[in-house]
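Encoded as structure tokens, the structure appears first; notes follow it.
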Amino acid sequence: MDTVAHEAPDWARALPHRAPGDGAAERLARWTTPGVVADVLADSGRGLLAQLAGAPAGRDWVGACGGLLGAVVVLAEVDAAASALRSTVAAARSRALAELVLDHSLVELAAALGVTRQALHKSVRGVRGL
């Protein structure tokens with residue numbers, strides 16, 4: 001059986017949503033390791049949130065984060081990652097919608113998406129000068 005050694009992630013791999021040198025890695029490093037942060041981000045913070053809510057978490061997430069203050073810092077990173085994802089998704093959605101309005105009316109697309117024509121127009125405005 002062939003086993004693959006898994007290296008612990010470094011900060012760049014643990015924080016792909018961050019720009020190098022923005023200070024996040026240094027702030028997190030005071031409390032925990034890149035591996036712990038990568039694990040928390042991988043489960044969207046659910047294990048850490050469960051432990052903080054008093055539910056069985058199967059792992060001492062708070063301890064792995066360096067204590068309660070470290071857990072708060074790590075949860076802020078979960079929020080930052082979610083925000084980066086929301087921004088990426090919104091930009092991709094706007095570009096896709098801008099392509100669709102070339103062949104479909106705003107009214108037709110709005111009905112298909114379950115939104116108002118005005119909301120759809122707001123989503124695509126500025127992408128193609130609409």
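In the structure tokens, chains take letters A, B, ... by order of appearance, with residues numbered from 1 within each chain and ligands from 1 in the order shown.
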Any chance you could list, as a compact mmCIF listing (two decimals) with N, CA, C and O atoms, in the first residue's frame, the residues in chain A that come up alpha helix (DSSP H) when DSSP is run on the backbone?
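What landed in selection-v6.txt:
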```txt
# COMPACT_ATOMS: atom_id res chain seq x y z
N TRP A 11 1.13 29.05 5.75
CA TRP A 11 0.11 30.09 5.84
C TRP A 11 -0.47 30.44 4.47
O TRP A 11 -1.68 30.67 4.35
N ALA A 12 0.34 30.47 3.43
CA ALA A 12 -0.17 30.80 2.10
C ALA A 12 -1.21 29.78 1.64
O ALA A 12 -2.22 30.15 1.05
N ARG A 13 -0.97 28.51 1.91
CA ARG A 13 -1.94 27.49 1.52
C ARG A 13 -3.15 27.49 2.45
O ARG A 13 -4.26 27.15 2.03
N ALA A 14 -2.96 27.83 3.70
CA ALA A 14 -4.08 27.85 4.65
C ALA A 14 -4.99 29.05 4.43
O ALA A 14 -6.17 29.01 4.77
N ALA A 24 -2.65 38.89 8.24
CA ALA A 24 -3.53 37.85 8.79
C ALA A 24 -2.72 36.68 9.34
O ALA A 24 -3.01 36.20 10.44
N ALA A 25 -1.73 36.23 8.61
CA ALA A 25 -0.93 35.08 9.06
C ALA A 25 -0.22 35.40 10.37
O ALA A 25 -0.20 34.57 11.28
N GLU A 26 0.33 36.59 10.46
CA GLU A 26 1.04 36.97 11.70
C GLU A 26 0.08 37.04 12.87
O GLU A 26 0.40 36.61 13.98
N ARG A 27 -1.12 37.56 12.64
CA ARG A 27 -2.12 37.66 13.70
C ARG A 27 -2.54 36.26 14.16
O ARG A 27 -2.60 35.99 15.36
N LEU A 28 -2.79 35.38 13.22
CA LEU A 28 -3.20 34.02 13.55
C LEU A 28 -2.08 33.22 14.20
O LEU A 28 -2.32 32.41 15.10
N ALA A 29 -0.84 33.44 13.75
CA ALA A 29 0.31 32.69 14.26
C ALA A 29 0.55 32.93 15.75
O ALA A 29 1.17 32.10 16.41
N PRO A 34 -1.03 26.98 10.95
CA PRO A 34 -1.73 26.96 9.66
C PRO A 34 -2.63 25.73 9.51
O PRO A 34 -3.71 25.82 8.93
N GLY A 35 -2.19 24.59 10.04
CA GLY A 35 -2.99 23.38 9.94
C GLY A 35 -4.33 23.50 10.64
O GLY A 35 -5.36 23.05 10.12
N VAL A 36 -4.34 24.09 11.82
CA VAL A 36 -5.59 24.28 12.56
C VAL A 36 -6.51 25.22 11.80
O VAL A 36 -7.70 24.96 11.62
N VAL A 37 -5.95 26.32 11.31
CA VAL A 37 -6.77 27.28 10.55
C VAL A 37 -7.33 26.62 9.29
O VAL A 37 -8.51 26.78 8.97
N ALA A 38 -6.51 25.85 8.60
CA ALA A 38 -6.98 25.14 7.41
C ALA A 38 -8.11 24.18 7.76
O ALA A 38 -9.10 24.08 7.02
N ASP A 39 -8.00 23.48 8.88
CA ASP A 39 -9.06 22.56 9.32
C ASP A 39 -10.35 23.32 9.63
O ASP A 39 -11.44 22.88 9.26
N VAL A 40 -10.23 24.43 10.34
CA VAL A 40 -11.42 25.22 10.68
C VAL A 40 -12.08 25.75 9.41
O VAL A 40 -13.30 25.68 9.25
N LEU A 41 -11.26 26.27 8.48
CA LEU A 41 -11.81 26.78 7.23
C LEU A 41 -12.43 25.66 6.40
O LEU A 41 -13.46 25.86 5.75
N ALA A 42 -11.85 24.47 6.44
CA ALA A 42 -12.36 23.35 5.66
C ALA A 42 -13.76 22.94 6.09
O ALA A 42 -14.56 22.51 5.26
N ARG A 46 -17.67 24.99 11.57
CA ARG A 46 -18.77 24.29 12.25
C ARG A 46 -18.34 23.59 13.54
O ARG A 46 -19.06 23.62 14.53
N GLY A 47 -17.18 22.94 13.52
CA GLY A 47 -16.71 22.26 14.72
C GLY A 47 -16.44 23.24 15.85
O GLY A 47 -16.82 23.01 17.00
N LEU A 48 -15.78 24.32 15.53
CA LEU A 48 -15.47 25.35 16.52
C LEU A 48 -16.76 25.98 17.05
O LEU A 48 -16.93 26.17 18.25
N LEU A 49 -17.69 26.27 16.15
CA LEU A 49 -18.97 26.85 16.57
C LEU A 49 -19.74 25.89 17.47
O LEU A 49 -20.34 26.31 18.46
N ALA A 50 -19.71 24.60 17.13
CA ALA A 50 -20.40 23.61 17.96
C ALA A 50 -19.81 23.59 19.36
O ALA A 50 -20.55 23.58 20.36
N GLN A 51 -18.49 23.58 19.46
CA GLN A 51 -17.86 23.57 20.78
C GLN A 51 -18.21 24.82 21.57
O GLN A 51 -18.52 24.76 22.76
N LEU A 52 -18.20 25.97 20.91
CA LEU A 52 -18.54 27.21 21.59
C LEU A 52 -20.00 27.22 22.05
O LEU A 52 -20.33 27.87 23.03
N TRP A 61 -11.44 22.23 19.64
CA TRP A 61 -11.17 23.30 18.68
C TRP A 61 -10.65 24.56 19.38
O TRP A 61 -9.73 25.21 18.88
N VAL A 62 -11.26 24.92 20.49
CA VAL A 62 -10.84 26.12 21.21
C VAL A 62 -9.39 25.98 21.65
O VAL A 62 -8.58 26.89 21.47
N GLY A 63 -9.05 24.83 22.20
CA GLY A 63 -7.66 24.58 22.60
C GLY A 63 -6.71 24.64 21.42
O GLY A 63 -5.62 25.21 21.51
N ALA A 64 -7.12 24.05 20.29
CA ALA A 64 -6.27 24.06 19.10
C ALA A 64 -6.08 25.47 18.55
O ALA A 64 -5.06 25.76 17.91
N LEU A 68 -9.77 30.90 23.93
CA LEU A 68 -10.98 31.59 23.48
C LEU A 68 -10.67 32.79 22.59
O LEU A 68 -11.33 32.99 21.56
N LEU A 69 -9.66 33.57 22.94
CA LEU A 69 -9.32 34.71 22.09
C LEU A 69 -8.80 34.24 20.73
O LEU A 69 -9.17 34.79 19.69
N GLY A 70 -8.01 33.19 20.72
CA GLY A 70 -7.56 32.62 19.46
C GLY A 70 -8.71 32.11 18.62
O GLY A 70 -8.72 32.25 17.40
N ALA A 71 -9.71 31.52 19.29
CA ALA A 71 -10.89 31.03 18.58
C ALA A 71 -11.63 32.18 17.91
O ALA A 71 -12.09 32.06 16.77
N VAL A 72 -11.72 33.31 18.58
CA VAL A 72 -12.37 34.49 17.99
C VAL A 72 -11.58 34.98 16.77
O VAL A 72 -12.17 35.31 15.74
N VAL A 73 -10.26 34.98 16.87
CA VAL A 73 -9.42 35.39 15.74
C VAL A 73 -9.61 34.43 14.57
O VAL A 73 -9.73 34.86 13.41
N VAL A 74 -9.66 33.15 14.84
CA VAL A 74 -9.86 32.15 13.78
C VAL A 74 -11.25 32.30 13.18
O VAL A 74 -11.41 32.22 11.95
N LEU A 75 -12.27 32.53 13.99
CA LEU A 75 -13.62 32.73 13.45
C LEU A 75 -13.69 33.99 12.58
O LEU A 75 -14.42 34.02 11.59
N ALA A 76 -12.92 35.00 12.94
CA ALA A 76 -12.86 36.19 12.07
C ALA A 76 -12.29 35.82 10.71
O ALA A 76 -12.69 36.37 9.68
N GLU A 77 -11.37 34.86 10.69
CA GLU A 77 -10.80 34.40 9.43
C GLU A 77 -11.82 33.60 8.63
O GLU A 77 -11.84 33.68 7.40
N VAL A 78 -12.66 32.83 9.30
CA VAL A 78 -13.75 32.13 8.61
C VAL A 78 -14.65 33.17 7.93
O VAL A 78 -15.05 33.01 6.77
N ASP A 79 -14.95 34.24 8.64
CA ASP A 79 -15.78 35.31 8.08
C ASP A 79 -15.09 35.96 6.88
O ASP A 79 -15.72 36.23 5.86
N ALA A 80 -13.79 36.20 6.98
CA ALA A 80 -13.04 36.81 5.88
C ALA A 80 -13.05 35.89 4.65
O ALA A 80 -13.20 36.35 3.52
N ALA A 81 -12.90 34.60 4.87
CA ALA A 81 -12.92 33.64 3.76
C ALA A 81 -14.30 33.60 3.11
O ALA A 81 -14.42 33.56 1.89
N ALA A 82 -15.35 33.63 3.93
CA ALA A 82 -16.72 33.62 3.40
C ALA A 82 -16.99 34.89 2.60
O ALA A 82 -17.61 34.85 1.53
N SER A 83 -16.50 36.01 3.09
CA SER A 83 -16.67 37.28 2.38
C SER A 83 -15.95 37.26 1.04
O SER A 83 -16.50 37.72 0.03
N ALA A 84 -14.75 36.72 1.01
CA ALA A 84 -14.00 36.62 -0.25
C ALA A 84 -14.75 35.72 -1.24
O ALA A 84 -14.83 36.04 -2.44
N LEU A 85 -15.31 34.64 -0.75
CA LEU A 85 -16.07 33.74 -1.61
C LEU A 85 -17.33 34.43 -2.14
O LEU A 85 -17.65 34.33 -3.33
N ARG A 86 -18.04 35.15 -1.27
CA ARG A 86 -19.23 35.88 -1.71
C ARG A 86 -18.89 36.87 -2.81
O ARG A 86 -19.61 36.99 -3.80
N SER A 87 -17.79 37.58 -2.67
CA SER A 87 -17.38 38.56 -3.68
C SER A 87 -17.06 37.88 -5.01
O SER A 87 -17.45 38.36 -6.07
N THR A 88 -16.35 36.77 -4.96
CA THR A 88 -16.00 36.04 -6.17
C THR A 88 -17.25 35.51 -6.86
O THR A 88 -17.39 35.62 -8.08
N VAL A 89 -18.16 34.94 -6.09
CA VAL A 89 -19.40 34.41 -6.65
C VAL A 89 -20.25 35.52 -7.25
O VAL A 89 -20.79 35.38 -8.36
N ALA A 90 -20.36 36.65 -6.57
CA ALA A 90 -21.16 37.76 -7.07
C ALA A 90 -20.60 38.29 -8.39
O ALA A 90 -21.36 38.59 -9.33
N ALA A 91 -19.29 38.40 -8.49
CA ALA A 91 -18.67 38.88 -9.73
C ALA A 91 -18.91 37.90 -10.88
O ALA A 91 -19.25 38.30 -12.00
N ALA A 92 -18.76 36.61 -10.61
CA ALA A 92 -18.99 35.59 -11.64
C ALA A 92 -20.46 35.58 -12.07
O ALA A 92 -20.77 35.49 -13.26
N ARG A 93 -21.34 35.70 -11.11
CA ARG A 93 -22.78 35.73 -11.41
C ARG A 93 -23.12 36.94 -12.26
O ARG A 93 -23.85 36.82 -13.25
N SER A 94 -22.58 38.09 -11.93
CA SER A 94 -22.84 39.29 -12.72
C SER A 94 -22.34 39.15 -14.15
O SER A 94 -23.02 39.55 -15.10
N ARG A 95 -21.15 38.57 -14.32
CA ARG A 95 -20.62 38.36 -15.67
C ARG A 95 -21.50 37.40 -16.46
O ARG A 95 -21.79 37.62 -17.64
N ALA A 96 -21.94 36.32 -15.82
CA ALA A 96 -22.80 35.35 -16.50
C ALA A 96 -24.14 35.98 -16.86
O ALA A 96 -24.65 35.79 -17.98
N LEU A 97 -24.71 36.77 -15.96
CA LEU A 97 -25.98 37.43 -16.24
C LEU A 97 -25.82 38.44 -17.38
O LEU A 97 -26.71 38.58 -18.22
N ALA A 98 -24.70 39.15 -17.41
CA ALA A 98 -24.45 40.11 -18.47
C ALA A 98 -24.41 39.41 -19.83
O ALA A 98 -24.87 39.97 -20.84
N GLU A 99 -23.88 38.20 -19.87
CA GLU A 99 -23.89 37.42 -21.11
C GLU A 99 -25.31 37.01 -21.47
O GLU A 99 -25.70 37.06 -22.64
N LEU A 100 -26.08 36.61 -20.47
CA LEU A 100 -27.44 36.16 -20.73
C LEU A 100 -28.34 37.28 -21.26
O LEU A 100 -29.20 37.02 -22.11
N LEU A 106 -34.60 41.13 -19.75
CA LEU A 106 -34.49 41.20 -18.29
C LEU A 106 -35.74 40.61 -17.63
O LEU A 106 -35.63 39.94 -16.60
N VAL A 107 -36.89 40.84 -18.23
CA VAL A 107 -38.14 40.31 -17.67
C VAL A 107 -38.12 38.78 -17.68
O VAL A 107 -38.46 38.13 -16.68
N GLU A 108 -37.69 38.19 -18.80
CA GLU A 108 -37.61 36.72 -18.91
C GLU A 108 -36.64 36.14 -17.90
O GLU A 108 -36.94 35.16 -17.20
N LEU A 109 -35.45 36.74 -17.80
CA LEU A 109 -34.44 36.25 -16.86
C LEU A 109 -34.88 36.43 -15.41
O LEU A 109 -34.68 35.55 -14.58
N ALA A 110 -35.47 37.57 -15.12
CA ALA A 110 -35.93 37.83 -13.75
C ALA A 110 -36.97 36.80 -13.33
O ALA A 110 -36.93 36.28 -12.21
N ALA A 111 -37.88 36.47 -14.24
CA ALA A 111 -38.90 35.47 -13.92
C ALA A 111 -38.25 34.10 -13.68
O ALA A 111 -38.62 33.40 -12.74
N ALA A 112 -37.27 33.74 -14.50
CA ALA A 112 -36.60 32.45 -14.35
C ALA A 112 -35.83 32.38 -13.04
O ALA A 112 -35.72 31.30 -12.43
N LEU A 113 -35.28 33.50 -12.60
CA LEU A 113 -34.47 33.54 -11.39
C LEU A 113 -35.28 33.84 -10.13
O LEU A 113 -34.76 33.77 -9.01
N ARG A 117 -37.12 42.52 -12.08
CA ARG A 117 -36.32 43.04 -13.20
C ARG A 117 -35.33 44.08 -12.69
O ARG A 117 -34.18 44.13 -13.11
N GLN A 118 -35.76 44.90 -11.75
CA GLN A 118 -34.89 45.94 -11.19
C GLN A 118 -33.70 45.33 -10.46
O GLN A 118 -32.58 45.82 -10.58
N ALA A 119 -33.94 44.26 -9.71
CA ALA A 119 -32.85 43.60 -8.99
C ALA A 119 -31.86 43.00 -9.98
O ALA A 119 -30.64 43.07 -9.78
N LEU A 120 -32.37 42.41 -11.04
CA LEU A 120 -31.50 41.83 -12.06
C LEU A 120 -30.70 42.93 -12.76
O LEU A 120 -29.49 42.78 -12.98
N HIS A 121 -31.35 44.01 -13.08
CA HIS A 121 -30.64 45.13 -13.73
C HIS A 121 -29.52 45.64 -12.84
O HIS A 121 -28.40 45.92 -13.30
N LYS A 122 -29.78 45.73 -11.55
CA LYS A 122 -28.75 46.16 -10.60
C LYS A 122 -27.56 45.21 -10.60
O LYS A 122 -26.41 45.63 -10.49
N SER A 123 -27.84 43.90 -10.73
CA SER A 123 -26.76 42.90 -10.74
C SER A 123 -25.85 43.01 -11.96
O SER A 123 -24.66 42.75 -11.87
N VAL A 124 -26.43 43.36 -13.10
CA VAL A 124 -25.63 43.39 -14.32
C VAL A 124 -25.14 44.78 -14.68
O VAL A 124 -24.29 44.94 -15.56
```
Exercise. Distance CA of His104 (chain A)-CA of Val127 (chain A), one decimal place?
Worked result: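 Interatomic distance here is 16.0 Å.
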Problem set entry | Option closest in space to Thr33 (chain A), from A:Gly54, A:Pro9, A:Pro16, A:Gly114 [counting only C-alpha atoms] |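 Among A:Gly54, A:Pro9, A:Pro16, A:Gly114, it is A:Pro9 that comes nearest to Thr33 (chain A).
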Problem set entry | Top pick for closest residue to Gly67 (chain A), considering A:Trp31, A:His17, A:Leu102, A:Gly45 and counting only C-alpha atoms | A:Trp31
Exercise. What gap, in Å, lies between CA of Arg18 (chain A) and CA of Gly66 (chain A)?
Worked result: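 Spanning CA of Arg18 (chain A) to CA of Gly66 (chain A) is a straight-line distance of 21.2 Å.
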For this session: Figure out the distance between CA of Thr32 (chain A) and CA of Leu15 (chain A), please, to one decimal in Å.
Result: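 Between CA of Leu15 (chain A) and CA of Thr32 (chain A) the gap works out to 13.3 Å.
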